[in-house]
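S.K.: Sharing data-v3.cif below, mmCIF, N, CA and C atoms:
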```cif
data_input
#
loop_
_atom_site.label_atom_id
_atom_site.label_comp_id
_atom_site.auth_asym_id
_atom_site.auth_seq_id
_atom_site.Cartn_x
_atom_site.Cartn_y
_atom_site.Cartn_z
N MET A 1 -5.75 3.57 15.90
CA MET A 1 -5.10 4.18 14.77
C MET A 1 -5.53 3.45 13.50
N GLY A 2 -5.53 4.15 12.40
CA GLY A 2 -5.95 3.56 11.14
C GLY A 2 -5.13 2.37 10.71
N ARG A 3 -3.85 2.37 11.02
CA ARG A 3 -3.01 1.25 10.57
C ARG A 3 -3.35 -0.05 11.29
N ASP A 4 -4.17 0.01 12.31
CA ASP A 4 -4.57 -1.17 13.07
C ASP A 4 -5.86 -1.78 12.57
N VAL A 5 -6.32 -1.33 11.41
CA VAL A 5 -7.59 -1.80 10.85
C VAL A 5 -7.34 -2.41 9.47
N ALA A 6 -7.93 -3.58 9.23
CA ALA A 6 -7.89 -4.22 7.91
C ALA A 6 -9.32 -4.44 7.45
N VAL A 7 -9.56 -4.29 6.16
CA VAL A 7 -10.90 -4.42 5.60
C VAL A 7 -10.86 -5.41 4.44
N ASP A 8 -11.76 -6.41 4.49
CA ASP A 8 -11.93 -7.37 3.39
C ASP A 8 -13.30 -7.14 2.78
N ILE A 9 -13.33 -6.93 1.47
CA ILE A 9 -14.57 -6.65 0.76
C ILE A 9 -14.92 -7.86 -0.08
N ASN A 10 -16.08 -8.44 0.20
CA ASN A 10 -16.53 -9.63 -0.53
C ASN A 10 -17.79 -9.28 -1.30
N THR A 11 -17.70 -9.44 -2.62
CA THR A 11 -18.83 -9.18 -3.49
C THR A 11 -19.44 -10.52 -3.90
N PRO A 12 -20.57 -10.51 -4.58
CA PRO A 12 -21.15 -11.77 -5.03
C PRO A 12 -20.23 -12.55 -5.98
N THR A 13 -19.29 -11.85 -6.62
CA THR A 13 -18.40 -12.52 -7.55
C THR A 13 -17.02 -12.82 -6.95
N GLY A 14 -16.87 -12.60 -5.64
CA GLY A 14 -15.60 -12.89 -4.97
C GLY A 14 -15.03 -11.66 -4.29
N LYS A 15 -13.79 -11.81 -3.80
CA LYS A 15 -13.13 -10.71 -3.10
C LYS A 15 -12.82 -9.57 -4.04
N LEU A 16 -13.05 -8.36 -3.56
CA LEU A 16 -12.67 -7.17 -4.29
C LEU A 16 -11.36 -6.68 -3.68
N ARG A 17 -10.28 -6.86 -4.41
CA ARG A 17 -8.95 -6.53 -3.89
C ARG A 17 -8.55 -5.14 -4.37
N ILE A 18 -8.77 -4.17 -3.49
CA ILE A 18 -8.43 -2.78 -3.78
C ILE A 18 -7.00 -2.56 -3.30
N PRO A 19 -6.08 -2.18 -4.20
CA PRO A 19 -4.66 -2.10 -3.83
C PRO A 19 -4.33 -1.12 -2.70
N LYS A 20 -4.92 0.07 -2.70
CA LYS A 20 -4.56 1.08 -1.70
C LYS A 20 -5.81 1.69 -1.08
N ILE A 21 -6.32 1.06 -0.03
CA ILE A 21 -7.45 1.63 0.72
C ILE A 21 -6.87 2.69 1.65
N MET A 22 -7.37 3.90 1.53
CA MET A 22 -6.84 5.00 2.33
C MET A 22 -7.70 5.26 3.57
N ASP A 23 -9.01 5.05 3.44
CA ASP A 23 -9.83 5.17 4.64
C ASP A 23 -11.11 4.38 4.49
N PHE A 24 -11.62 3.98 5.65
CA PHE A 24 -12.84 3.19 5.76
C PHE A 24 -13.70 3.87 6.80
N ASP A 25 -14.92 4.19 6.42
CA ASP A 25 -15.84 4.91 7.29
C ASP A 25 -17.11 4.09 7.43
N SER A 26 -17.59 3.92 8.66
CA SER A 26 -18.84 3.20 8.87
C SER A 26 -19.69 3.92 9.91
N LYS A 27 -21.00 3.95 9.64
CA LYS A 27 -21.93 4.64 10.54
C LYS A 27 -23.19 3.81 10.72
N PRO A 28 -23.63 3.64 11.98
CA PRO A 28 -24.90 2.95 12.19
C PRO A 28 -26.07 3.85 11.80
N GLN A 29 -27.13 3.24 11.32
CA GLN A 29 -28.36 3.94 10.97
C GLN A 29 -29.42 3.60 12.01
N LEU A 30 -30.18 4.59 12.41
CA LEU A 30 -31.24 4.39 13.39
C LEU A 30 -32.50 5.10 12.94
N THR A 31 -33.62 4.51 13.27
CA THR A 31 -34.90 5.20 13.20
C THR A 31 -35.30 5.43 14.65
N THR A 32 -35.72 6.65 14.94
CA THR A 32 -36.12 6.95 16.31
C THR A 32 -37.58 7.37 16.35
N ASN A 33 -38.19 7.10 17.48
CA ASN A 33 -39.58 7.45 17.67
C ASN A 33 -39.75 7.93 19.11
N LYS A 34 -40.10 9.19 19.25
CA LYS A 34 -40.30 9.74 20.60
C LYS A 34 -41.71 9.43 21.06
N ILE A 35 -41.79 8.99 22.32
CA ILE A 35 -43.10 8.71 22.91
C ILE A 35 -43.19 9.42 24.26
N THR A 36 -44.37 9.90 24.54
CA THR A 36 -44.60 10.56 25.82
C THR A 36 -45.82 9.90 26.46
N PRO A 37 -45.57 9.05 27.47
CA PRO A 37 -46.69 8.42 28.16
C PRO A 37 -47.42 9.43 29.07
N LEU A 38 -48.44 8.97 29.72
CA LEU A 38 -49.26 9.85 30.56
C LEU A 38 -48.47 10.50 31.69
N ASN A 39 -47.35 9.89 32.11
CA ASN A 39 -46.57 10.51 33.19
C ASN A 39 -45.78 11.72 32.71
N GLY A 40 -45.78 11.98 31.40
CA GLY A 40 -45.16 13.18 30.85
C GLY A 40 -43.66 13.08 30.60
N ILE A 41 -43.04 11.95 30.92
CA ILE A 41 -41.61 11.80 30.71
C ILE A 41 -41.39 11.19 29.33
N THR A 42 -40.78 11.98 28.46
CA THR A 42 -40.58 11.55 27.08
C THR A 42 -39.46 10.52 27.00
N ASP A 43 -39.71 9.51 26.22
CA ASP A 43 -38.70 8.47 25.98
C ASP A 43 -38.50 8.37 24.47
N GLU A 44 -37.41 7.76 24.08
CA GLU A 44 -37.14 7.62 22.66
C GLU A 44 -36.83 6.16 22.35
N LEU A 45 -37.60 5.61 21.43
CA LEU A 45 -37.34 4.25 20.95
C LEU A 45 -36.31 4.34 19.83
N GLN A 46 -35.32 3.46 19.87
CA GLN A 46 -34.32 3.43 18.82
C GLN A 46 -34.37 2.07 18.13
N ILE A 47 -34.48 2.11 16.81
CA ILE A 47 -34.57 0.89 16.01
C ILE A 47 -33.42 0.89 15.02
N PRO A 48 -32.53 -0.12 15.09
CA PRO A 48 -31.42 -0.16 14.13
C PRO A 48 -31.95 -0.45 12.73
N THR A 49 -31.46 0.32 11.76
CA THR A 49 -31.91 0.15 10.37
C THR A 49 -30.74 -0.06 9.42
N GLY A 50 -29.65 -0.60 9.93
CA GLY A 50 -28.52 -0.92 9.07
C GLY A 50 -27.32 -0.02 9.31
N TRP A 51 -26.40 -0.09 8.37
CA TRP A 51 -25.15 0.67 8.41
C TRP A 51 -24.88 1.25 7.03
N ASN A 52 -24.09 2.31 7.00
CA ASN A 52 -23.59 2.79 5.71
C ASN A 52 -22.18 3.32 5.91
N GLY A 53 -21.49 3.54 4.80
CA GLY A 53 -20.14 4.05 4.91
C GLY A 53 -19.50 4.25 3.56
N THR A 54 -18.21 4.55 3.61
CA THR A 54 -17.44 4.76 2.40
C THR A 54 -16.07 4.11 2.54
N ILE A 55 -15.51 3.78 1.40
CA ILE A 55 -14.14 3.31 1.30
C ILE A 55 -13.47 4.21 0.29
N THR A 56 -12.42 4.90 0.72
CA THR A 56 -11.66 5.77 -0.19
C THR A 56 -10.38 5.04 -0.56
N ALA A 57 -10.07 5.06 -1.85
CA ALA A 57 -8.89 4.34 -2.34
C ALA A 57 -8.12 5.21 -3.32
N LYS A 58 -6.81 5.01 -3.36
CA LYS A 58 -5.98 5.60 -4.42
C LYS A 58 -6.12 4.71 -5.64
N ARG A 59 -6.34 5.31 -6.80
CA ARG A 59 -6.48 4.52 -8.02
C ARG A 59 -5.11 4.05 -8.47
N MET A 60 -4.85 2.75 -8.30
CA MET A 60 -3.59 2.14 -8.71
C MET A 60 -3.77 1.32 -9.98
N ASP A 61 -5.03 0.92 -10.24
CA ASP A 61 -5.36 0.12 -11.41
C ASP A 61 -6.86 0.26 -11.65
N GLY A 62 -7.41 -0.57 -12.50
CA GLY A 62 -8.82 -0.46 -12.87
C GLY A 62 -9.78 -1.24 -11.98
N THR A 63 -9.34 -1.65 -10.79
CA THR A 63 -10.16 -2.51 -9.93
C THR A 63 -11.57 -1.95 -9.72
N LEU A 64 -11.68 -0.73 -9.21
CA LEU A 64 -13.02 -0.19 -8.92
C LEU A 64 -13.77 0.17 -10.20
N ASP A 65 -13.07 0.68 -11.20
CA ASP A 65 -13.74 0.99 -12.47
C ASP A 65 -14.30 -0.28 -13.11
N ASP A 66 -13.52 -1.36 -13.10
CA ASP A 66 -13.97 -2.62 -13.69
C ASP A 66 -15.12 -3.22 -12.89
N PHE A 67 -15.03 -3.14 -11.56
CA PHE A 67 -16.11 -3.64 -10.70
C PHE A 67 -17.41 -2.92 -11.04
N TRP A 68 -17.35 -1.60 -11.16
CA TRP A 68 -18.56 -0.83 -11.43
C TRP A 68 -19.07 -1.06 -12.85
N ALA A 69 -18.16 -1.21 -13.81
CA ALA A 69 -18.58 -1.50 -15.19
C ALA A 69 -19.36 -2.82 -15.24
N GLN A 70 -18.90 -3.82 -14.50
CA GLN A 70 -19.61 -5.11 -14.44
C GLN A 70 -20.96 -4.95 -13.76
N TRP A 71 -21.01 -4.16 -12.71
CA TRP A 71 -22.26 -3.90 -12.00
C TRP A 71 -23.27 -3.27 -12.96
N GLU A 72 -22.81 -2.27 -13.72
CA GLU A 72 -23.70 -1.61 -14.68
C GLU A 72 -24.16 -2.57 -15.77
N ASP A 73 -23.24 -3.37 -16.29
CA ASP A 73 -23.61 -4.37 -17.31
C ASP A 73 -24.68 -5.31 -16.77
N ASN A 74 -24.47 -5.79 -15.56
CA ASN A 74 -25.46 -6.69 -14.94
C ASN A 74 -26.82 -6.01 -14.85
N TYR A 75 -26.83 -4.77 -14.40
CA TYR A 75 -28.09 -4.04 -14.25
C TYR A 75 -28.81 -3.93 -15.59
N PHE A 76 -28.11 -3.49 -16.62
CA PHE A 76 -28.76 -3.28 -17.92
C PHE A 76 -29.09 -4.59 -18.63
N ASN A 77 -28.51 -5.68 -18.19
CA ASN A 77 -28.85 -7.00 -18.74
C ASN A 77 -29.87 -7.74 -17.88
N GLY A 78 -30.44 -7.04 -16.89
CA GLY A 78 -31.49 -7.61 -16.07
C GLY A 78 -31.02 -8.64 -15.06
N ILE A 79 -29.75 -8.61 -14.70
CA ILE A 79 -29.21 -9.56 -13.73
C ILE A 79 -29.32 -8.95 -12.33
N ASP A 80 -29.96 -9.67 -11.42
CA ASP A 80 -30.09 -9.19 -10.04
C ASP A 80 -28.73 -8.94 -9.42
N GLN A 81 -28.64 -7.87 -8.68
CA GLN A 81 -27.41 -7.53 -7.97
C GLN A 81 -27.45 -8.18 -6.59
N GLN A 82 -26.70 -9.21 -6.41
CA GLN A 82 -26.62 -9.87 -5.11
C GLN A 82 -25.83 -9.00 -4.15
N ARG A 83 -26.00 -9.25 -2.88
CA ARG A 83 -25.31 -8.46 -1.86
C ARG A 83 -24.05 -9.18 -1.39
N GLY A 84 -23.17 -8.44 -0.74
CA GLY A 84 -21.91 -9.00 -0.27
C GLY A 84 -21.71 -8.79 1.22
N THR A 85 -20.47 -8.89 1.64
CA THR A 85 -20.10 -8.66 3.04
C THR A 85 -18.81 -7.83 3.08
N ILE A 86 -18.62 -7.18 4.20
CA ILE A 86 -17.35 -6.51 4.50
C ILE A 86 -16.93 -7.01 5.87
N THR A 87 -15.68 -7.44 5.98
CA THR A 87 -15.14 -7.86 7.28
C THR A 87 -14.11 -6.83 7.71
N GLU A 88 -14.31 -6.29 8.91
CA GLU A 88 -13.41 -5.28 9.47
C GLU A 88 -12.67 -5.92 10.64
N THR A 89 -11.35 -5.95 10.57
CA THR A 89 -10.53 -6.53 11.63
C THR A 89 -9.73 -5.42 12.28
N ILE A 90 -9.87 -5.29 13.61
CA ILE A 90 -9.22 -4.21 14.34
C ILE A 90 -8.30 -4.79 15.40
N THR A 91 -7.04 -4.37 15.39
CA THR A 91 -6.13 -4.72 16.46
C THR A 91 -6.26 -3.64 17.52
N GLU A 92 -6.79 -4.03 18.68
CA GLU A 92 -7.04 -3.08 19.76
C GLU A 92 -5.73 -2.68 20.44
N SER A 93 -5.77 -1.60 21.23
CA SER A 93 -4.56 -1.09 21.87
C SER A 93 -3.94 -2.08 22.86
N ASP A 94 -4.76 -3.00 23.38
CA ASP A 94 -4.22 -4.00 24.31
C ASP A 94 -3.73 -5.26 23.60
N GLY A 95 -3.74 -5.25 22.26
CA GLY A 95 -3.24 -6.38 21.48
C GLY A 95 -4.30 -7.38 21.08
N THR A 96 -5.50 -7.30 21.64
CA THR A 96 -6.57 -8.20 21.24
C THR A 96 -7.09 -7.80 19.86
N VAL A 97 -7.81 -8.70 19.22
CA VAL A 97 -8.33 -8.45 17.89
C VAL A 97 -9.86 -8.53 17.93
N SER A 98 -10.50 -7.52 17.36
CA SER A 98 -11.95 -7.51 17.21
C SER A 98 -12.28 -7.64 15.73
N VAL A 99 -13.25 -8.49 15.42
CA VAL A 99 -13.66 -8.69 14.03
C VAL A 99 -15.17 -8.45 13.92
N TYR A 100 -15.54 -7.60 12.97
CA TYR A 100 -16.94 -7.29 12.71
C TYR A 100 -17.24 -7.61 11.25
N ARG A 101 -18.44 -8.16 11.01
CA ARG A 101 -18.85 -8.46 9.64
C ARG A 101 -20.13 -7.69 9.33
N TYR A 102 -20.05 -6.90 8.27
CA TYR A 102 -21.22 -6.19 7.75
C TYR A 102 -21.88 -7.13 6.75
N GLU A 103 -23.18 -7.36 6.92
CA GLU A 103 -23.89 -8.33 6.07
C GLU A 103 -24.92 -7.63 5.20
N GLY A 104 -25.23 -8.25 4.07
CA GLY A 104 -26.22 -7.68 3.14
C GLY A 104 -25.74 -6.37 2.56
N VAL A 105 -24.49 -6.33 2.14
CA VAL A 105 -23.87 -5.08 1.68
C VAL A 105 -24.17 -4.83 0.20
N SER A 106 -24.62 -3.61 -0.09
CA SER A 106 -24.76 -3.11 -1.46
C SER A 106 -23.67 -2.06 -1.66
N TYR A 107 -23.08 -2.07 -2.85
CA TYR A 107 -21.97 -1.17 -3.15
C TYR A 107 -22.39 -0.16 -4.21
N HIS A 108 -21.76 1.02 -4.16
CA HIS A 108 -22.07 2.08 -5.12
C HIS A 108 -20.81 2.92 -5.31
N LEU A 109 -20.27 2.92 -6.51
CA LEU A 109 -19.12 3.77 -6.81
C LEU A 109 -19.63 5.20 -6.90
N THR A 110 -19.37 6.00 -5.85
CA THR A 110 -19.91 7.36 -5.80
C THR A 110 -18.94 8.39 -6.38
N ASP A 111 -17.68 8.01 -6.54
CA ASP A 111 -16.71 8.93 -7.13
C ASP A 111 -15.63 8.12 -7.84
N ALA A 112 -15.59 8.19 -9.16
CA ALA A 112 -14.57 7.48 -9.92
C ALA A 112 -13.24 8.24 -9.93
N GLY A 113 -13.23 9.45 -9.38
CA GLY A 113 -11.99 10.19 -9.22
C GLY A 113 -11.82 11.33 -10.20
N LYS A 114 -11.17 12.37 -9.70
CA LYS A 114 -10.82 13.52 -10.54
C LYS A 114 -9.43 13.28 -11.10
N LYS A 115 -9.33 13.31 -12.42
CA LYS A 115 -8.06 13.07 -13.07
C LYS A 115 -7.47 14.40 -13.51
N SER A 116 -6.26 14.69 -13.02
CA SER A 116 -5.57 15.91 -13.44
C SER A 116 -4.07 15.65 -13.41
N GLY A 117 -3.34 16.45 -14.16
CA GLY A 117 -1.92 16.24 -14.35
C GLY A 117 -1.13 16.13 -13.05
N ASP A 118 -0.27 15.13 -12.97
CA ASP A 118 0.66 14.92 -11.85
C ASP A 118 -0.02 14.83 -10.48
N LYS A 119 -1.27 14.36 -10.45
CA LYS A 119 -1.95 14.22 -9.17
C LYS A 119 -2.51 12.82 -9.03
N GLU A 120 -2.55 12.34 -7.78
CA GLU A 120 -3.14 11.03 -7.50
C GLU A 120 -4.65 11.11 -7.69
N VAL A 121 -5.24 9.99 -8.02
CA VAL A 121 -6.69 9.92 -8.22
C VAL A 121 -7.30 9.16 -7.05
N ASP A 122 -8.21 9.83 -6.33
CA ASP A 122 -8.94 9.19 -5.24
C ASP A 122 -10.29 8.73 -5.77
N GLN A 123 -10.68 7.51 -5.39
CA GLN A 123 -11.98 6.97 -5.74
C GLN A 123 -12.73 6.63 -4.46
N VAL A 124 -14.05 6.72 -4.52
CA VAL A 124 -14.87 6.44 -3.34
C VAL A 124 -15.93 5.41 -3.67
N LEU A 125 -15.93 4.34 -2.89
CA LEU A 125 -16.94 3.29 -2.98
C LEU A 125 -17.83 3.42 -1.75
N SER A 126 -19.08 3.79 -1.95
CA SER A 126 -20.03 3.88 -0.84
C SER A 126 -20.73 2.55 -0.68
N TRP A 127 -21.26 2.29 0.52
CA TRP A 127 -21.93 1.03 0.75
C TRP A 127 -23.01 1.19 1.82
N THR A 128 -23.96 0.28 1.77
CA THR A 128 -24.97 0.15 2.83
C THR A 128 -25.02 -1.32 3.21
N ALA A 129 -25.32 -1.58 4.46
CA ALA A 129 -25.41 -2.96 4.95
C ALA A 129 -26.67 -3.12 5.79
N ASN A 130 -27.19 -4.35 5.79
CA ASN A 130 -28.38 -4.63 6.61
C ASN A 130 -28.05 -4.58 8.09
N ARG A 131 -26.85 -5.12 8.44
CA ARG A 131 -26.46 -5.14 9.85
C ARG A 131 -24.98 -5.43 10.00
N ARG A 132 -24.48 -5.25 11.22
CA ARG A 132 -23.11 -5.56 11.55
C ARG A 132 -23.12 -6.51 12.75
N LYS A 133 -22.32 -7.58 12.65
CA LYS A 133 -22.22 -8.56 13.73
C LYS A 133 -20.77 -8.67 14.18
N LYS A 134 -20.58 -8.86 15.47
CA LYS A 134 -19.24 -9.16 15.98
C LYS A 134 -19.02 -10.66 15.78
N VAL A 135 -17.93 -11.00 15.08
CA VAL A 135 -17.67 -12.41 14.76
C VAL A 135 -16.33 -12.89 15.35
N GLY A 136 -15.63 -12.04 16.02
CA GLY A 136 -14.37 -12.46 16.62
C GLY A 136 -13.81 -11.43 17.54
#
```
For this file, write the structure as C-alpha cells.

M.R.:
Amino acid sequence: MGRDVAVDINTPTGKLRIPKIMDFDSKPQLTTNKITPLNGITDELQIPTGWNGTITAKRMDGTLDDFWAQWEDNYFNGIDQQRGTITETITESDGTVSVYRYEGVSYHLTDAGKKSGDKEVDQVLSWTANRRKKVG
C-alpha cells in the first residue's frame, strides 16, 4: 500500500522537503538486443540503463518552485548541475523494511501545476537515475 512507502529526496544542496508527496513512481530502463544464433533459437540480451520516475505533490508552499528557480539560475549562470539521490523505504506486508537508493539522480520539474479557483494544485517532479541499489 502507498502508506507503507517513504521517500527521501537528496539534491546537491541538501534534502528537498516536499510537504505533501501524493505519489512516487519508478520504472527501470532497459536496452534490449535480440540475437539469433545458428541454432535458430532467438534470445534477448537485456542491459540495464537506469531508472526514471515521477513524484507528484500537492503544492503547499514554494518548495518545488523555489528548487526549480535555483536550478534554472544555476544553469544560466554556467554552474554544473550535480546529481542527487532518492531513498525509498518500504514497510513490507510481513513487517520487514526494504530500502532502495536511486543514485545519480537528475531532477526536472515537468509540471508546476494548474492554478484555478478553489482547487488544489498538483505539481510533478520527474527524475532519472543511473541505477538503484538495495541498501537495507

S.K.: Restricting the calculation to all atoms listed in the file, which member of A:Gly136, A:Gly53, A:Pro12, A:Pro48 is positioned closest to Val99 in chain A?

M.R.: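 When distances to Val99 in chain A are compared using all atoms listed in the file, the smallest one comes from A:Gly136.
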
S.K.: In Å, with one decimal, what is the gap from CA of Leu45 in chain A to CA of Thr32 in chain A?

M.R.: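 Atom-to-atom, CA of Leu45 in chain A to CA of Thr32 in chain A, that is 5.5 Å.
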
S.K.: Could you list, as a list in words, every residue matched by the PyMOL selection byres ((chain A and resi 90-92) around 8) in this structure?

M.R.: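 Taken on the displayed file, the PyMOL selection byres ((chain A and resi 90-92) around 8) yields the residues Met1, Arg3, Asp4, Val5, Ala6, Val7, Thr87, Glu88, Thr89, Ser93, Asp94, Gly95, Thr96, Val97, Ser98, Val99 and Tyr100 of chain A.
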
S.K.: Could you write out that same residue set with N, CA and C atoms as a PDB file, in the coordinates of the input?

M.R.:
```pdb
ATOM      1  N   MET A   1      -5.750   3.570  15.900  1.00  0.00           N
ATOM      2  CA  MET A   1      -5.100   4.180  14.770  1.00  0.00           C
ATOM      3  C   MET A   1      -5.530   3.450  13.500  1.00  0.00           C
ATOM      4  N   ARG A   3      -3.850   2.370  11.020  1.00  0.00           N
ATOM      5  CA  ARG A   3      -3.010   1.250  10.570  1.00  0.00           C
ATOM      6  C   ARG A   3      -3.350  -0.050  11.290  1.00  0.00           C
ATOM      7  N   ASP A   4      -4.170   0.010  12.310  1.00  0.00           N
ATOM      8  CA  ASP A   4      -4.570  -1.170  13.070  1.00  0.00           C
ATOM      9  C   ASP A   4      -5.860  -1.780  12.570  1.00  0.00           C
ATOM     10  N   VAL A   5      -6.320  -1.330  11.410  1.00  0.00           N
ATOM     11  CA  VAL A   5      -7.590  -1.800  10.850  1.00  0.00           C
ATOM     12  C   VAL A   5      -7.340  -2.410   9.470  1.00  0.00           C
ATOM     13  N   ALA A   6      -7.930  -3.580   9.230  1.00  0.00           N
ATOM     14  CA  ALA A   6      -7.890  -4.220   7.910  1.00  0.00           C
ATOM     15  C   ALA A   6      -9.320  -4.440   7.450  1.00  0.00           C
ATOM     16  N   VAL A   7      -9.560  -4.290   6.160  1.00  0.00           N
ATOM     17  CA  VAL A   7     -10.900  -4.420   5.600  1.00  0.00           C
ATOM     18  C   VAL A   7     -10.860  -5.410   4.440  1.00  0.00           C
ATOM     19  N   THR A  87     -15.680  -7.440   5.980  1.00  0.00           N
ATOM     20  CA  THR A  87     -15.140  -7.860   7.280  1.00  0.00           C
ATOM     21  C   THR A  87     -14.110  -6.830   7.710  1.00  0.00           C
ATOM     22  N   GLU A  88     -14.310  -6.290   8.910  1.00  0.00           N
ATOM     23  CA  GLU A  88     -13.410  -5.280   9.470  1.00  0.00           C
ATOM     24  C   GLU A  88     -12.670  -5.920  10.640  1.00  0.00           C
ATOM     25  N   THR A  89     -11.350  -5.950  10.570  1.00  0.00           N
ATOM     26  CA  THR A  89     -10.530  -6.530  11.630  1.00  0.00           C
ATOM     27  C   THR A  89      -9.730  -5.420  12.280  1.00  0.00           C
ATOM     28  N   SER A  93      -5.770  -1.600  21.230  1.00  0.00           N
ATOM     29  CA  SER A  93      -4.560  -1.090  21.870  1.00  0.00           C
ATOM     30  C   SER A  93      -3.940  -2.080  22.860  1.00  0.00           C
ATOM     31  N   ASP A  94      -4.760  -3.000  23.380  1.00  0.00           N
ATOM     32  CA  ASP A  94      -4.220  -4.000  24.310  1.00  0.00           C
ATOM     33  C   ASP A  94      -3.730  -5.260  23.600  1.00  0.00           C
ATOM     34  N   GLY A  95      -3.740  -5.250  22.260  1.00  0.00           N
ATOM     35  CA  GLY A  95      -3.240  -6.380  21.480  1.00  0.00           C
ATOM     36  C   GLY A  95      -4.300  -7.380  21.080  1.00  0.00           C
ATOM     37  N   THR A  96      -5.500  -7.300  21.640  1.00  0.00           N
ATOM     38  CA  THR A  96      -6.570  -8.200  21.240  1.00  0.00           C
ATOM     39  C   THR A  96      -7.090  -7.800  19.860  1.00  0.00           C
ATOM     40  N   VAL A  97      -7.810  -8.700  19.220  1.00  0.00           N
ATOM     41  CA  VAL A  97      -8.330  -8.450  17.890  1.00  0.00           C
ATOM     42  C   VAL A  97      -9.860  -8.530  17.930  1.00  0.00           C
ATOM     43  N   SER A  98     -10.500  -7.520  17.360  1.00  0.00           N
ATOM     44  CA  SER A  98     -11.950  -7.510  17.210  1.00  0.00           C
ATOM     45  C   SER A  98     -12.280  -7.640  15.730  1.00  0.00           C
ATOM     46  N   VAL A  99     -13.250  -8.490  15.420  1.00  0.00           N
ATOM     47  CA  VAL A  99     -13.660  -8.690  14.030  1.00  0.00           C
ATOM     48  C   VAL A  99     -15.170  -8.450  13.920  1.00  0.00           C
ATOM     49  N   TYR A 100     -15.540  -7.600  12.970  1.00  0.00           N
ATOM     50  CA  TYR A 100     -16.940  -7.290  12.710  1.00  0.00           C
ATOM     51  C   TYR A 100     -17.240  -7.610  11.250  1.00  0.00           C
TER      52      TYR A 100
END
```

S.K.: One number please: atom N of Pro37 in chain A to atom N of Trp51 in chain A, in Å, one decimal.

M.R.: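 Between these atoms lies a distance of 28.6 Å.
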
S.K.: Can you measure CA of Ile9 in chain A to CA of Glu72 in chain A for me? One decimal in Å is fine.

M.R.: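 Pair CA of Ile9 in chain A / CA of Glu72 in chain A returns 18.6 Å.
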
S.K.: Looking only at the backbone, which of the residues in chain A does DSSP tag as strand (DSSP E), as a ChimeraX atom specification?

M.R.: /A:5-11,14-16,20-35,43-58,84-91,97-111,122-129,131-134

S.K.: Neighbouring residues of Arg59 in chain A were defined as those with any atom within 12 Å, considering only C-alpha atoms; residues of the same chain fewer than 5 positions away were excluded. Please report them as a list of chain:residue names.

M.R.: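 After dropping sequence-adjacent residues, the list is A:Ile18, A:Pro19, A:Lys20, A:Ile21, A:Met22, A:Leu64, A:Asp65, A:Asp66, A:Asp111, A:Ala112, A:Gly113, A:Lys114, A:Lys115, A:Lys119, A:Glu120, A:Val121, A:Asp122, A:Gln123, A:Val124, A:Leu125.
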
S.K.: As a check of understanding, name the residues that the PyMOL selection byres ((chain A and resi 33) around 6) selects in the supplied structure, as an MDAnalysis selection string.

M.R.: chainID A and resid 31:32 34:35 43:46

S.K.: Can you list, as a VMD selection string, every residue of range 37-122 of chain A that DSSP puts in alpha helix (DSSP H)?

M.R.: chain A and resid 63 to 76

S.K.: Expanded to explicit residues, what is the PyMOL selection byres ((chain A and resi 102) around 6) for this file, as a VMD selection string?

M.R.: chain A and resid 84 to 88 100 to 101 103 to 105 129 131 to 133

S.K.: Between A:Val135, A:Asp8, A:Thr110, A:Phe24, which is the closest to Thr56 in chain A once you count only C-alpha atoms?

M.R.: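 Looking only at the distances to Thr56 in chain A, the closest residue turns out to be A:Phe24.
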
S.K.: Here is a test: counting all atoms listed in the file, which residue of A:Gly78, A:Gly117, A:Thr63, A:Leu30 is nearest to Leu16 in chain A?

M.R.: A:Thr63

S.K.: A:Asp80, A:Asp23, A:Asp118, A:Leu109: which is nearest Lys58 in chain A, counting only N, CA and C atoms?

M.R.: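 Among the listed residues, A:Asp23 lies closest to Lys58 in chain A.
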
S.K.: Complete range 27-34 of chain A at the level of N, CA, C and O atoms, written as a short mmCIF file (atom, residue, chain, number, x, y, z; two decimals), keeping the file's coordinate frame.

M.R.:
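Final output, saved to result.cif:
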```
data_model
loop_
_atom_site.label_atom_id
_atom_site.label_comp_id
_atom_site.auth_asym_id
_atom_site.auth_seq_id
_atom_site.Cartn_x
_atom_site.Cartn_y
_atom_site.Cartn_z
N LYS A 27 -21.00 3.95 9.64
CA LYS A 27 -21.93 4.64 10.54
C LYS A 27 -23.19 3.81 10.72
O LYS A 27 -23.77 3.35 9.74
N PRO A 28 -23.63 3.64 11.98
CA PRO A 28 -24.90 2.95 12.19
C PRO A 28 -26.07 3.85 11.80
O PRO A 28 -25.99 5.07 11.92
N GLN A 29 -27.13 3.24 11.32
CA GLN A 29 -28.36 3.94 10.97
C GLN A 29 -29.42 3.60 12.01
O GLN A 29 -29.53 2.44 12.42
N LEU A 30 -30.18 4.59 12.41
CA LEU A 30 -31.24 4.39 13.39
C LEU A 30 -32.50 5.10 12.94
O LEU A 30 -32.43 6.18 12.35
N THR A 31 -33.62 4.51 13.27
CA THR A 31 -34.90 5.20 13.20
C THR A 31 -35.30 5.43 14.65
O THR A 31 -35.20 4.53 15.48
N THR A 32 -35.72 6.65 14.94
CA THR A 32 -36.12 6.95 16.31
C THR A 32 -37.58 7.37 16.35
O THR A 32 -38.11 7.90 15.38
N ASN A 33 -38.19 7.10 17.48
CA ASN A 33 -39.58 7.45 17.67
C ASN A 33 -39.75 7.93 19.11
O ASN A 33 -39.52 7.16 20.04
N LYS A 34 -40.10 9.19 19.25
CA LYS A 34 -40.30 9.74 20.60
C LYS A 34 -41.71 9.43 21.06
O LYS A 34 -42.67 9.58 20.31
#
```
